[in-house]
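Enquirer: Pasting run.txt here (compact mmCIF, C-alpha atoms):
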# COMPACT_ATOMS: atom_id res chain seq x y z
CA MET A 63 -15.96 38.46 10.20
CA ARG A 64 -14.71 37.75 6.71
CA VAL A 65 -17.30 36.39 4.31
CA THR A 66 -15.13 33.31 3.73
CA GLN A 67 -15.68 32.36 7.39
CA ASN A 68 -19.40 32.00 6.69
CA PRO A 69 -20.01 28.26 6.05
CA ASP A 70 -23.22 28.92 4.12
CA PHE A 71 -21.43 31.32 1.79
CA ARG A 72 -18.70 28.72 1.26
CA ARG A 73 -21.38 26.22 0.21
CA LEU A 74 -22.87 28.76 -2.20
CA ARG A 75 -19.42 29.55 -3.62
CA ALA A 76 -18.61 25.86 -4.07
CA ALA A 77 -21.93 25.30 -5.82
CA GLN A 78 -21.36 28.21 -8.17
CA GLY A 79 -17.71 27.42 -8.84
CA VAL A 80 -18.24 23.77 -9.78
CA SER A 81 -21.34 24.47 -11.88
CA GLN A 82 -19.44 27.23 -13.73
CA ILE A 83 -16.67 24.77 -14.62
CA GLY A 84 -19.34 22.42 -15.90
CA SER A 85 -20.93 25.23 -17.89
CA GLN A 86 -17.59 25.99 -19.56
CA ILE A 87 -17.38 22.33 -20.58
CA GLY A 88 -20.94 22.44 -21.86
CA PHE A 89 -20.25 25.65 -23.77
CA LEU A 90 -17.76 23.70 -25.89
CA ALA A 91 -19.48 20.32 -25.88
CA LEU A 92 -23.01 21.27 -26.95
CA PRO A 93 -22.14 22.86 -30.34
CA LEU A 94 -19.42 20.26 -30.93
CA ALA A 95 -21.97 17.51 -30.39
CA ALA A 96 -24.02 19.08 -33.18
CA LEU A 97 -20.99 19.51 -35.44
CA GLN A 98 -19.10 16.27 -34.88
CA VAL A 99 -21.87 13.77 -34.26
CA LEU A 100 -24.83 15.21 -36.18
CA HIS A 101 -22.82 17.11 -38.83
CA ALA A 102 -24.89 20.27 -38.37
CA SER A 103 -24.39 23.29 -40.60
CA VAL A 104 -22.98 26.59 -39.35
CA PHE A 105 -26.47 28.10 -39.36
CA GLU A 106 -27.88 25.18 -37.34
CA VAL A 107 -25.13 25.61 -34.76
CA SER A 108 -25.83 29.35 -34.53
CA VAL A 109 -29.50 28.58 -33.90
CA LEU A 110 -28.40 26.18 -31.16
CA THR A 111 -26.38 28.94 -29.52
CA ALA A 112 -29.24 31.43 -29.85
CA ALA A 113 -31.64 28.96 -28.24
CA GLN A 114 -29.77 29.35 -24.96
CA ILE A 115 -30.05 33.17 -25.01
CA VAL A 116 -33.60 33.63 -26.33
CA PRO A 117 -35.24 32.78 -22.96
CA PHE A 118 -33.66 35.89 -21.43
CA LEU A 119 -35.66 37.97 -23.91
CA LEU A 120 -38.84 35.88 -23.81
CA ILE A 121 -39.32 35.34 -20.07
CA GLY A 122 -36.63 37.45 -18.44
CA LEU A 123 -39.03 40.11 -17.15
CA PRO A 124 -41.88 37.90 -15.86
CA ALA A 125 -39.27 35.58 -14.29
CA GLY A 126 -38.39 38.43 -11.95
CA VAL A 127 -42.01 38.64 -10.78
CA TRP A 128 -42.27 34.89 -10.24
CA VAL A 129 -39.00 34.76 -8.31
CA ASP A 130 -40.17 37.64 -6.10
CA ARG A 131 -43.18 35.49 -5.13
CA MET A 132 -41.10 32.43 -4.24
CA ARG A 133 -38.33 31.49 -1.85
CA ARG A 134 -35.02 31.68 -3.68
CA ARG A 135 -33.40 28.55 -2.24
CA PRO A 136 -35.95 26.08 -3.69
CA VAL A 137 -35.71 27.87 -7.05
CA LEU A 138 -31.93 27.41 -7.09
CA ILE A 139 -32.14 23.74 -6.16
CA SER A 140 -34.94 22.86 -8.59
CA THR A 141 -33.36 24.67 -11.56
CA ASP A 142 -30.02 22.97 -10.91
CA LEU A 143 -31.72 19.57 -10.75
CA PHE A 144 -33.66 20.33 -13.93
CA ARG A 145 -30.54 21.35 -15.84
CA GLY A 146 -28.62 18.32 -14.62
CA VAL A 147 -31.32 15.83 -15.62
CA LEU A 148 -31.91 17.56 -18.95
CA LEU A 149 -28.23 17.39 -19.88
CA LEU A 150 -27.99 13.73 -18.90
CA THR A 151 -30.46 12.91 -21.68
CA VAL A 152 -27.79 13.80 -24.28
CA PRO A 153 -25.15 11.15 -23.40
CA LEU A 154 -27.99 8.67 -22.82
CA ALA A 155 -29.45 9.31 -26.29
CA TYR A 156 -25.97 9.15 -27.80
CA ALA A 157 -25.36 5.76 -26.17
CA LEU A 158 -28.67 4.52 -27.58
CA ASP A 159 -27.87 6.03 -31.02
CA THR A 160 -31.05 8.16 -30.92
CA LEU A 161 -29.51 11.64 -30.55
CA THR A 162 -31.05 14.25 -32.86
CA LEU A 163 -30.54 17.94 -33.54
CA GLY A 164 -34.09 18.58 -32.36
CA GLN A 165 -33.20 17.11 -28.95
CA LEU A 166 -30.18 19.42 -28.70
CA TYR A 167 -32.43 22.41 -29.47
CA VAL A 168 -34.80 21.35 -26.69
CA VAL A 169 -31.90 20.88 -24.26
CA ALA A 170 -30.39 24.26 -25.17
CA PHE A 171 -33.71 26.08 -24.79
CA GLY A 172 -34.57 24.27 -21.55
CA GLN A 173 -31.14 25.12 -20.21
CA GLY A 174 -31.72 28.76 -21.08
CA VAL A 175 -35.12 28.87 -19.35
CA ALA A 176 -33.74 27.30 -16.17
CA THR A 177 -30.73 29.62 -16.25
CA VAL A 178 -33.00 32.67 -16.39
CA PHE A 179 -34.71 31.64 -13.15
CA PHE A 180 -31.46 30.51 -11.52
CA ASP A 181 -29.61 33.75 -12.27
CA VAL A 182 -32.43 35.98 -11.05
CA ALA A 183 -32.86 33.94 -7.85
CA TYR A 184 -29.11 33.63 -7.33
CA GLN A 185 -28.39 37.36 -7.22
CA SER A 186 -31.47 37.90 -5.06
CA TYR A 187 -30.37 35.15 -2.64
CA LEU A 188 -26.87 36.37 -1.81
CA PRO A 189 -28.09 39.18 0.52
CA ASP A 190 -29.81 36.48 2.61
CA VAL A 191 -26.61 34.47 2.97
CA VAL A 192 -24.18 37.27 3.83
CA GLU A 193 -24.40 40.48 5.86
CA SER A 194 -25.03 43.81 4.14
CA ASP A 195 -21.44 45.00 4.59
CA GLN A 196 -20.12 41.75 3.08
CA LEU A 197 -21.85 42.06 -0.30
CA THR A 198 -18.85 43.48 -2.14
CA GLU A 199 -16.50 40.86 -0.71
CA GLY A 200 -19.05 38.12 -1.36
CA ASN A 201 -19.52 39.14 -4.99
CA ALA A 202 -15.73 39.38 -5.38
CA GLN A 203 -15.31 35.82 -4.07
CA LEU A 204 -17.98 34.56 -6.45
CA GLU A 205 -16.30 36.41 -9.31
CA LEU A 206 -13.01 34.75 -8.35
CA ALA A 207 -14.70 31.35 -8.50
CA ARG A 208 -16.11 32.25 -11.91
CA SER A 209 -12.71 33.40 -13.17
CA ALA A 210 -11.10 30.15 -12.02
CA SER A 211 -13.74 28.24 -13.95
CA GLN A 212 -12.87 30.21 -17.09
CA LEU A 213 -9.28 29.00 -16.80
CA ILE A 214 -10.03 25.39 -15.80
CA GLY A 215 -13.23 24.73 -17.72
CA PRO A 216 -12.12 25.14 -21.37
CA SER A 217 -8.99 23.00 -21.00
CA ALA A 218 -10.88 20.35 -19.04
CA GLY A 219 -13.66 20.46 -21.62
CA GLY A 220 -11.23 20.07 -24.50
CA TRP A 221 -9.60 17.06 -22.85
CA LEU A 222 -12.93 15.41 -22.05
CA ILE A 223 -14.30 16.00 -25.55
CA SER A 224 -11.15 14.54 -27.11
CA ALA A 225 -11.23 11.52 -24.84
CA LEU A 226 -14.95 10.82 -24.55
CA LYS A 227 -16.70 12.63 -27.44
CA ALA A 228 -18.78 15.79 -27.01
CA PRO A 229 -22.15 14.19 -26.04
CA VAL A 230 -20.52 12.14 -23.27
CA ALA A 231 -18.59 15.16 -22.00
CA LEU A 232 -21.94 16.88 -21.39
CA GLY A 233 -22.40 14.36 -18.60
CA ALA A 234 -19.72 16.24 -16.65
CA ASP A 235 -21.76 19.44 -17.01
CA ALA A 236 -24.83 17.58 -15.76
CA LEU A 237 -22.97 16.28 -12.71
CA SER A 238 -21.77 19.79 -11.89
CA PHE A 239 -25.38 21.01 -11.69
CA LEU A 240 -26.34 18.08 -9.47
CA PHE A 241 -23.41 18.92 -7.18
CA SER A 242 -24.55 22.55 -7.08
CA ALA A 243 -28.07 21.50 -6.08
CA PHE A 244 -26.63 19.35 -3.27
CA MET A 245 -24.47 22.19 -1.90
CA VAL A 246 -27.31 24.73 -1.96
CA SER A 247 -29.58 22.21 -0.22
CA ARG A 248 -27.09 22.17 2.68
CA ILE A 249 -27.69 25.88 3.34
CA PRO A 250 -30.29 26.05 6.12
CA ALA A 251 -33.69 27.13 4.85
CA GLU A 252 -34.10 29.56 7.74
CA ARG A 253 -31.25 31.71 6.36
CA GLU A 254 -33.71 33.09 3.83
CA LYS A 255 -36.00 35.88 4.93
CA PRO A 256 -39.71 35.15 4.44
CA VAL A 257 -41.35 36.31 1.24
CA ALA A 258 -44.59 38.28 1.46
CA THR A 259 -47.19 36.70 -0.84
CA ASP A 260 -50.67 37.52 -2.00
CA GLY A 261 -52.91 34.64 -3.02
CA ASN A 262 -54.83 36.91 -5.41
CA ARG A 263 -51.75 37.54 -7.57
CA THR A 264 -52.58 34.98 -10.23
CA THR A 265 -53.89 36.81 -13.29
CA TRP A 266 -51.79 37.83 -16.29
CA THR A 267 -53.00 41.39 -15.81
CA VAL A 268 -51.50 41.51 -12.34
CA LEU A 269 -48.37 39.73 -13.58
CA TRP A 270 -47.64 42.35 -16.21
CA LYS A 271 -48.53 45.09 -13.77
CA GLU A 272 -45.80 43.80 -11.48
CA VAL A 273 -43.40 43.54 -14.43
CA GLY A 274 -44.19 47.20 -15.06
CA GLU A 275 -43.44 47.99 -11.43
CA GLY A 276 -39.97 46.50 -11.83
CA LEU A 277 -39.37 48.42 -15.06
CA THR A 278 -40.62 51.64 -13.49
CA PHE A 279 -38.49 51.17 -10.38
CA VAL A 280 -35.32 50.74 -12.43
CA ARG A 281 -36.13 53.42 -15.01
CA HIS A 282 -36.83 56.15 -12.45
CA HIS A 283 -34.05 55.26 -10.00
CA ARG A 284 -31.12 57.70 -10.14
CA LEU A 285 -28.61 54.88 -9.68
CA LEU A 286 -30.19 51.81 -11.25
CA ALA A 287 -31.19 53.54 -14.51
CA PRO A 288 -27.65 54.67 -15.41
CA LEU A 289 -26.24 51.28 -14.35
CA ALA A 290 -28.63 49.52 -16.72
CA GLY A 291 -27.76 51.94 -19.52
CA VAL A 292 -24.01 51.60 -19.04
CA GLY A 293 -24.20 47.81 -18.84
CA GLY A 294 -26.46 47.63 -21.88
CA LEU A 295 -24.12 49.77 -23.97
CA LEU A 296 -21.06 47.79 -22.86
CA ASN A 297 -22.77 44.53 -23.83
CA PHE A 298 -23.94 46.01 -27.12
CA SER A 299 -20.31 46.85 -27.90
CA TYR A 300 -19.18 43.44 -26.65
CA GLY A 301 -21.69 41.75 -28.95
CA MET A 302 -20.33 43.77 -31.87
CA VAL A 303 -16.67 43.06 -31.10
CA ALA A 304 -17.21 39.37 -30.35
CA ALA A 305 -19.03 38.87 -33.65
CA ILE A 306 -16.03 39.97 -35.73
CA PHE A 307 -13.00 39.61 -33.42
CA THR A 308 -12.17 36.01 -34.36
CA THR A 309 -12.71 36.64 -38.07
CA TYR A 310 -10.51 39.74 -37.93
CA THR A 311 -7.62 38.10 -36.07
CA VAL A 312 -7.67 35.01 -38.31
CA ARG A 313 -8.27 36.60 -41.71
CA GLU A 314 -6.65 40.01 -41.34
CA LEU A 315 -3.83 39.18 -38.92
CA GLY A 316 -3.26 35.53 -39.86
CA PHE A 317 -3.55 34.08 -36.34
CA SER A 318 -3.88 30.33 -36.00
CA ALA A 319 -6.53 28.90 -33.72
CA GLY A 320 -3.86 27.83 -31.23
CA LYS A 321 -2.24 31.25 -31.17
CA LEU A 322 -5.57 33.01 -30.72
CA GLY A 323 -6.56 30.65 -27.91
CA THR A 324 -3.25 31.26 -26.11
CA LEU A 325 -3.62 35.04 -26.31
CA MET A 326 -7.19 34.85 -25.04
CA ALA A 327 -6.13 32.62 -22.14
CA ILE A 328 -3.38 35.08 -21.14
CA GLY A 329 -5.79 38.00 -21.47
CA SER A 330 -8.35 36.27 -19.26
CA LEU A 331 -5.85 36.43 -16.38
CA GLY A 332 -7.24 39.93 -15.89
CA VAL A 333 -10.34 38.29 -14.43
CA VAL A 334 -8.24 36.48 -11.83
CA VAL A 335 -6.23 39.58 -10.92
CA GLY A 336 -9.40 41.65 -10.76
CA ALA A 337 -11.16 39.19 -8.47
CA VAL A 338 -8.18 39.17 -6.10
CA VAL A 339 -7.78 42.95 -5.78
CA VAL A 340 -11.33 44.20 -6.32
CA ARG A 341 -12.31 44.34 -2.64
CA ARG A 342 -9.25 46.36 -1.59
CA LEU A 343 -9.39 48.58 -4.66
CA SER A 344 -13.09 49.27 -4.14
CA GLN A 345 -12.48 50.24 -0.51
CA ARG A 346 -9.73 52.63 -1.57
CA LEU A 347 -11.57 54.26 -4.49
CA GLY A 348 -15.18 53.92 -3.37
CA THR A 349 -18.03 51.98 -4.96
CA GLY A 350 -19.04 54.67 -7.45
CA PRO A 351 -15.55 55.53 -8.74
CA SER A 352 -14.81 51.80 -9.02
CA ILE A 353 -17.85 51.34 -11.24
CA VAL A 354 -16.74 54.26 -13.44
CA LEU A 355 -13.18 52.91 -13.70
CA GLY A 356 -14.40 49.37 -14.38
CA ALA A 357 -16.68 50.58 -17.18
CA LEU A 358 -13.82 52.66 -18.64
CA LEU A 359 -11.35 49.75 -18.71
CA ASN A 360 -14.05 47.39 -19.98
CA GLY A 361 -14.74 49.73 -22.88
CA VAL A 362 -11.21 50.91 -23.69
CA GLY A 363 -9.61 47.43 -23.73
CA PRO A 364 -11.11 46.37 -27.10
CA LEU A 365 -9.73 49.53 -28.75
CA LEU A 366 -6.23 48.04 -28.54
CA THR A 367 -7.14 45.35 -31.09
CA PRO A 368 -7.77 47.62 -34.10
CA ALA A 369 -5.02 49.95 -32.82
CA ALA A 370 -2.45 47.12 -32.73
CA PRO A 371 0.41 47.42 -35.27
CA ALA A 372 0.02 44.88 -38.06
CA SER A 373 3.67 43.83 -37.77
CA ALA A 374 3.43 42.70 -34.10
CA PRO A 375 -0.18 42.87 -32.84
CA GLU A 376 0.06 40.15 -30.18
CA VAL A 377 1.14 42.31 -27.22
CA ALA A 378 -1.44 45.04 -27.83
CA ILE A 379 -4.29 42.56 -28.30
CA THR A 380 -3.34 40.60 -25.17
CA CYS A 381 -3.11 43.81 -23.11
CA GLY A 382 -6.49 44.86 -24.44
CA LEU A 383 -8.06 41.55 -23.43
CA PHE A 384 -6.43 41.83 -19.99
CA LEU A 385 -7.73 45.37 -19.43
CA GLN A 386 -11.20 44.41 -20.58
CA SER A 387 -11.43 41.32 -18.36
CA PHE A 388 -10.07 43.26 -15.36
CA GLY A 389 -12.60 46.02 -16.00
CA VAL A 390 -15.44 43.50 -16.25
CA VAL A 391 -14.68 42.23 -12.73
CA LEU A 392 -14.31 45.72 -11.23
CA PHE A 393 -17.54 46.89 -12.86
CA ASN A 394 -19.62 43.79 -12.17
CA VAL A 395 -18.67 43.23 -8.54
CA ASN A 396 -19.40 46.83 -7.57
CA GLN A 397 -22.53 47.41 -9.66
CA VAL A 398 -24.12 44.12 -8.56
CA SER A 399 -23.32 44.87 -4.90
CA LEU A 400 -24.78 48.37 -5.29
CA ARG A 401 -27.95 47.04 -6.91
CA GLN A 402 -28.43 44.46 -4.17
CA SER A 403 -27.92 47.09 -1.47
CA ILE A 404 -30.32 49.78 -2.70
CA THR A 405 -33.23 47.58 -3.81
CA PRO A 406 -36.10 46.67 -1.44
CA ARG A 407 -36.25 42.90 -1.05
CA ALA A 408 -39.80 42.82 -2.41
CA LEU A 409 -38.42 44.11 -5.72
CA MET A 410 -35.09 42.28 -5.82
CA GLY A 411 -36.11 39.67 -8.40
CA ARG A 412 -37.86 42.15 -10.66
CA MET A 413 -34.93 44.56 -10.47
CA THR A 414 -32.47 41.80 -11.39
CA ALA A 415 -34.65 40.54 -14.23
CA THR A 416 -35.17 44.04 -15.63
CA ILE A 417 -31.47 44.88 -15.66
CA ARG A 418 -30.54 41.48 -17.11
CA PHE A 419 -33.19 41.97 -19.80
CA VAL A 420 -31.60 45.28 -20.78
CA MET A 421 -28.01 44.03 -20.61
CA TRP A 422 -28.48 40.64 -22.27
CA GLY A 423 -30.95 41.93 -24.83
CA THR A 424 -28.31 44.14 -26.43
CA LEU A 425 -25.90 41.25 -27.14
CA PRO A 426 -27.62 39.71 -30.20
CA VAL A 427 -28.50 43.17 -31.52
CA GLY A 428 -24.84 44.18 -31.36
CA SER A 429 -23.77 41.01 -33.15
CA LEU A 430 -26.17 41.64 -36.03
CA CYS A 431 -25.10 45.28 -36.32
CA ALA A 432 -21.41 44.36 -36.43
CA GLY A 433 -22.00 41.79 -39.16
CA ALA A 434 -23.84 44.32 -41.29
CA LEU A 435 -21.22 46.98 -40.60
CA ALA A 436 -18.29 44.73 -41.50
CA SER A 437 -19.98 43.78 -44.77
CA ASN A 438 -20.15 47.44 -45.78
CA ILE A 439 -16.99 49.09 -44.42
CA GLY A 440 -14.63 46.15 -43.79
CA LEU A 441 -13.52 44.26 -40.69
CA HIS A 442 -10.89 46.72 -39.44
CA ARG A 443 -13.11 49.80 -39.60
CA ALA A 444 -16.05 47.90 -38.17
CA LEU A 445 -13.89 46.81 -35.24
CA TRP A 446 -12.93 50.44 -34.59
CA VAL A 447 -16.58 51.49 -34.52
CA SER A 448 -17.62 48.50 -32.40
CA ALA A 449 -14.93 49.16 -29.78
CA ALA A 450 -15.54 52.93 -29.77
CA VAL A 451 -19.19 52.40 -28.78
CA GLY A 452 -18.13 50.62 -25.60
CA ALA A 453 -15.37 53.13 -24.86
CA LEU A 454 -18.03 55.84 -24.41
CA ALA A 455 -20.22 53.80 -22.05
CA PHE A 456 -18.44 54.90 -18.85
CA LEU A 457 -19.76 58.45 -19.37
CA GLY A 458 -23.20 57.25 -18.28
CA ALA A 459 -21.79 56.39 -14.85
CA LEU A 460 -19.42 59.36 -14.67
CA PHE A 461 -22.17 61.96 -15.20
CA SER A 462 -24.75 60.40 -12.88
CA GLY A 463 -25.25 59.84 -9.17
CA VAL A 464 -23.33 56.56 -9.46
CA ARG A 465 -19.98 58.36 -9.39
CA ALA A 466 -20.65 59.87 -5.96
CA VAL A 467 -21.49 56.67 -4.07
CA GLY A 468 -19.13 56.67 -1.09
CA THR A 469 -16.21 54.52 -0.09
CA ASN A 470 -17.36 51.01 0.82
CA GLU A 471 -20.75 52.45 1.75
CA VAL A 472 -23.78 52.60 -0.52
CA PRO A 473 -27.17 54.30 -0.06
CA LEU A 474 -29.80 51.88 1.17
CA PRO A 475 -33.48 52.44 1.82
CA VAL A 476 -33.92 53.71 5.36
CA GLN A 477 -35.80 51.35 7.62
CA ALA A 478 -39.33 50.96 6.32
CA ALA A 479 -42.28 48.86 7.36
CA GLY A 480 -41.38 45.19 7.28
CA THR A 481 -37.61 45.74 7.22
CA THR A 482 -35.05 45.03 9.91
CA PRO A 483 -32.09 47.14 11.05
CA ASP A 484 -29.79 44.64 9.30
CA ASP A 485 -31.27 45.78 5.99
CA THR A 486 -29.70 49.24 6.30
CA ILE A 487 -26.21 50.68 6.53
CA SER A 488 -24.99 54.26 6.68
CA THR A 489 -24.11 56.43 3.72
CA ASP A 490 -20.87 58.32 3.25
CA THR A 491 -21.38 61.86 4.58
CA SER A 492 -19.03 63.25 1.97
CA SER A 493 -21.59 62.43 -0.72
CA ALA A 494 -24.70 63.17 1.31
CA ASP A 495 -25.86 65.95 -1.02
CA THR A 496 -25.82 63.55 -3.94
CA THR A 497 -27.22 60.45 -2.25
CA ALA A 498 -29.83 61.90 0.06
CA ASP A 499 -32.45 62.15 -2.66
CA ASP A 500 -31.70 58.61 -3.77
CA THR A 501 -32.05 57.28 -0.22
CA ALA A 502 -35.33 59.11 0.34
CA ALA A 503 -36.71 57.95 -3.00
CA VAL A 504 -35.80 54.33 -2.37
CA ALA A 505 -37.24 54.54 1.14
CA GLU A 506 -40.52 55.78 -0.31
CA ASP A 507 -40.50 52.90 -2.80
CA ALA A 508 -39.72 50.42 -0.01
CA GLU A 509 -42.65 51.62 2.10
CA ARG A 510 -44.99 51.52 -0.89
CA TYR A 511 -44.03 47.99 -1.93
CA ASP A 512 -44.02 46.70 1.65
CA ARG A 513 -47.56 48.03 2.03
CA ALA A 514 -48.51 46.36 -1.24
CA ASP A 515 -47.10 43.03 -0.04
CA ALA A 516 -49.04 43.34 3.21
CA ARG A 517 -52.36 43.62 1.40
Could I get this structure in the form of structure tokens?
Expert:
Amino acid sequence: MRVTQNPDFRRLRAAQGVSQIGSQIGFLALPLAALQVLHASVFEVSVLTAAQIVPFLLIGLPAGVWVDRMRRRPVLISTDLFRGVLLLTVPLAYALDTLTLGQLYVVAFGQGVATVFFDVAYQSYLPDVVESDQLTEGNAQLELARSASQLIGPSAGGWLISALKAPVALGADALSFLFSAFMVSRIPAEREKPVATDGNRTTWTVLWKEVGEGLTFVRHHRLLAPLAGVGGLLNFSYGMVAAIFTTYTVRELGFSAGKLGTLMAIGSLGVVVGAVVVRRLSQRLGTGPSIVLGALLNGVGPLLTPAAPASAPEVAITCGLFLQSFGVVLFNVNQVSLRQSITPRALMGRMTATIRFVMWGTLPVGSLCAGALASNIGLHRALWVSAAVGALAFLGALFSGVRAVGTNEVPLPVQAAGTTPDDTISTDTSSADTTADDTAAVAEDAERYDRADAR
């Protein structure tokens, strides 16, 4: 059965797709509300943007522990409701002429906190909604919904902001979260497997011990550790490139805002193409090779910007953006599916939080490094260095066990105490020498953590 025939998955996809469109609107509307209505400075707007990312660094790791102790479905519903209500306070305050920059900071930070919990629970919930052999297709469908939102959201956001003002447009973002909560609430609660809990797990000592268990699990895993490293390096490079890309294209190449926006929109079509072909391409190449290729394209794409001829840079830059966005889809769909497949359910939240902490934590660091680099060696040279860092990231997947993961089959923990046969699938015999140790190691971890949950 195709994953699209699963009504519960369709509800999850609809929830994610609509809320992503709303988030794209909010991405434009929140800083514009600060700029247009409250006349905030550039620094104040940058702080507003940072407020949405800081929670990933502050609570990203313990959030994984908390999510592992709770059912995912109520977490998804409650965080969506929280984000929707929080955003509705902005148009309300604007209508009452009481909107302040402090309120926007609170909204941005609250949004970030809720998003941390939602994202960790969301990736941990998908394996409950679809079958094990549908994870790649399920993630591809969700990526397609996300890519559609990237095309629809900005234009819809621009129109709404022009017609209704930025604070009022945030109401559309709020409604999208409320819709998402409604759709997730329609997924039967019994779809989710029960979570083993321990009433004694309440102290901060135990909390940080469990955070350490998640870190240790990822760090010592022959597949998860290189995935985290590759993703972290790609995001570090992305943070560097993103920090100076707009400045470079406008100041050095003389692009107008309209021209730059058009090129970026055309380049983002790589996300759509990637989401359409990723399932078939992954079956043909195999999960591991697809991850390597995705990381390679993701890293090489930005090199075309500094390499573009100054006389006619548009084609090279657009092709680079297309390759990068295509590579992002190929890398993300396969590495997320692999992570979900090889992680014991008792550690799913902590694994997701740990990897997101590593990947997201490198973004602001990369931005700061690129700014300092450009100040010393110039925008063009800094862009070369920034892109070159990401171009090397694929080597971490190429020279690790990730490369050998078989065609459409990934190593899962063998059946351990507390698991069901549906939690396991076979491994590709052609890569048995490479994956056998991984499977045995994960099985040992699964048994250990299942015993711990039973205590």
Enquirer: With all atoms listed in the file as the basis for distance, which of A:Val398, A:Val420, A:Val451, A:Leu325 is at the shortest distance from Gly361 in chain A?
Expert: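 Ranked by minimum distance to Gly361 in chain A, first place goes to A:Val451.
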Enquirer: For Leu358 in chain A, which of A:Tyr187, A:Phe307, A:Trp446, A:Phe456 is the closest residue, counting only C-alpha atoms?
Expert: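 Checking each candidate against Leu358 in chain A, we get A:Phe456 as the closest.
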Enquirer: May I have the residues within 7 Å of range 231-238 of chain A as a list in words, using only C-alpha atoms and disregarding those fewer than 4 positions away in the same chain?
Expert: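 Contacts, in chain order: Val80, Ser81, Gly84, Ser85, Ile87, Gly88, Ala91, Arg145, Gly146, Val147, Leu149, Leu150, Pro153, Leu222, Ile223, Leu226, Lys227 and Ser242 of chain A.
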Enquirer: From the options A:Gly363, A:Ala113, A:Asp130, A:Arg401, which residue's atoms come nearest to Arg418 in chain A, counting only C-alpha atoms?
Expert: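 Looking only at the distances to Arg418 in chain A, the closest residue turns out to be A:Arg401.
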Enquirer: Pick from A:Arg72, A:Pro93, A:Ala449, A:Thr151: nearest to Phe298 in chain A, with only C-alpha atoms counted?
Expert: A:Ala449
Enquirer: Taking all atoms listed in the file into account, name the residue in A:Asn297, A:Ser462, A:Thr380, A:Ser330 that is nearest to Val354 in chain A.
Expert: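 Among the listed residues, the smallest separation from Val354 in chain A belongs to A:Ser462.
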Enquirer: CA of Leu166 in chain A to CA of Val109 in chain A: how many Å, to one decimal?
Expert: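 A separation of 10.6 Å between them.
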Enquirer: Env of Ala290 in chain A: 9 Å cut, atoms = only C-alpha atoms, seq-sep filter 6 positions within chain, self excluded. Answer as a PyMOL selection string.
Expert: chain A and resi 280-281+416-418+420-421
Enquirer: I need the residue nearest Gly164 in chain A from this list: A:Leu343, A:Ile115, A:Leu100, A:Ala207. Use only C-alpha atoms for the distance.
Expert: A:Leu100
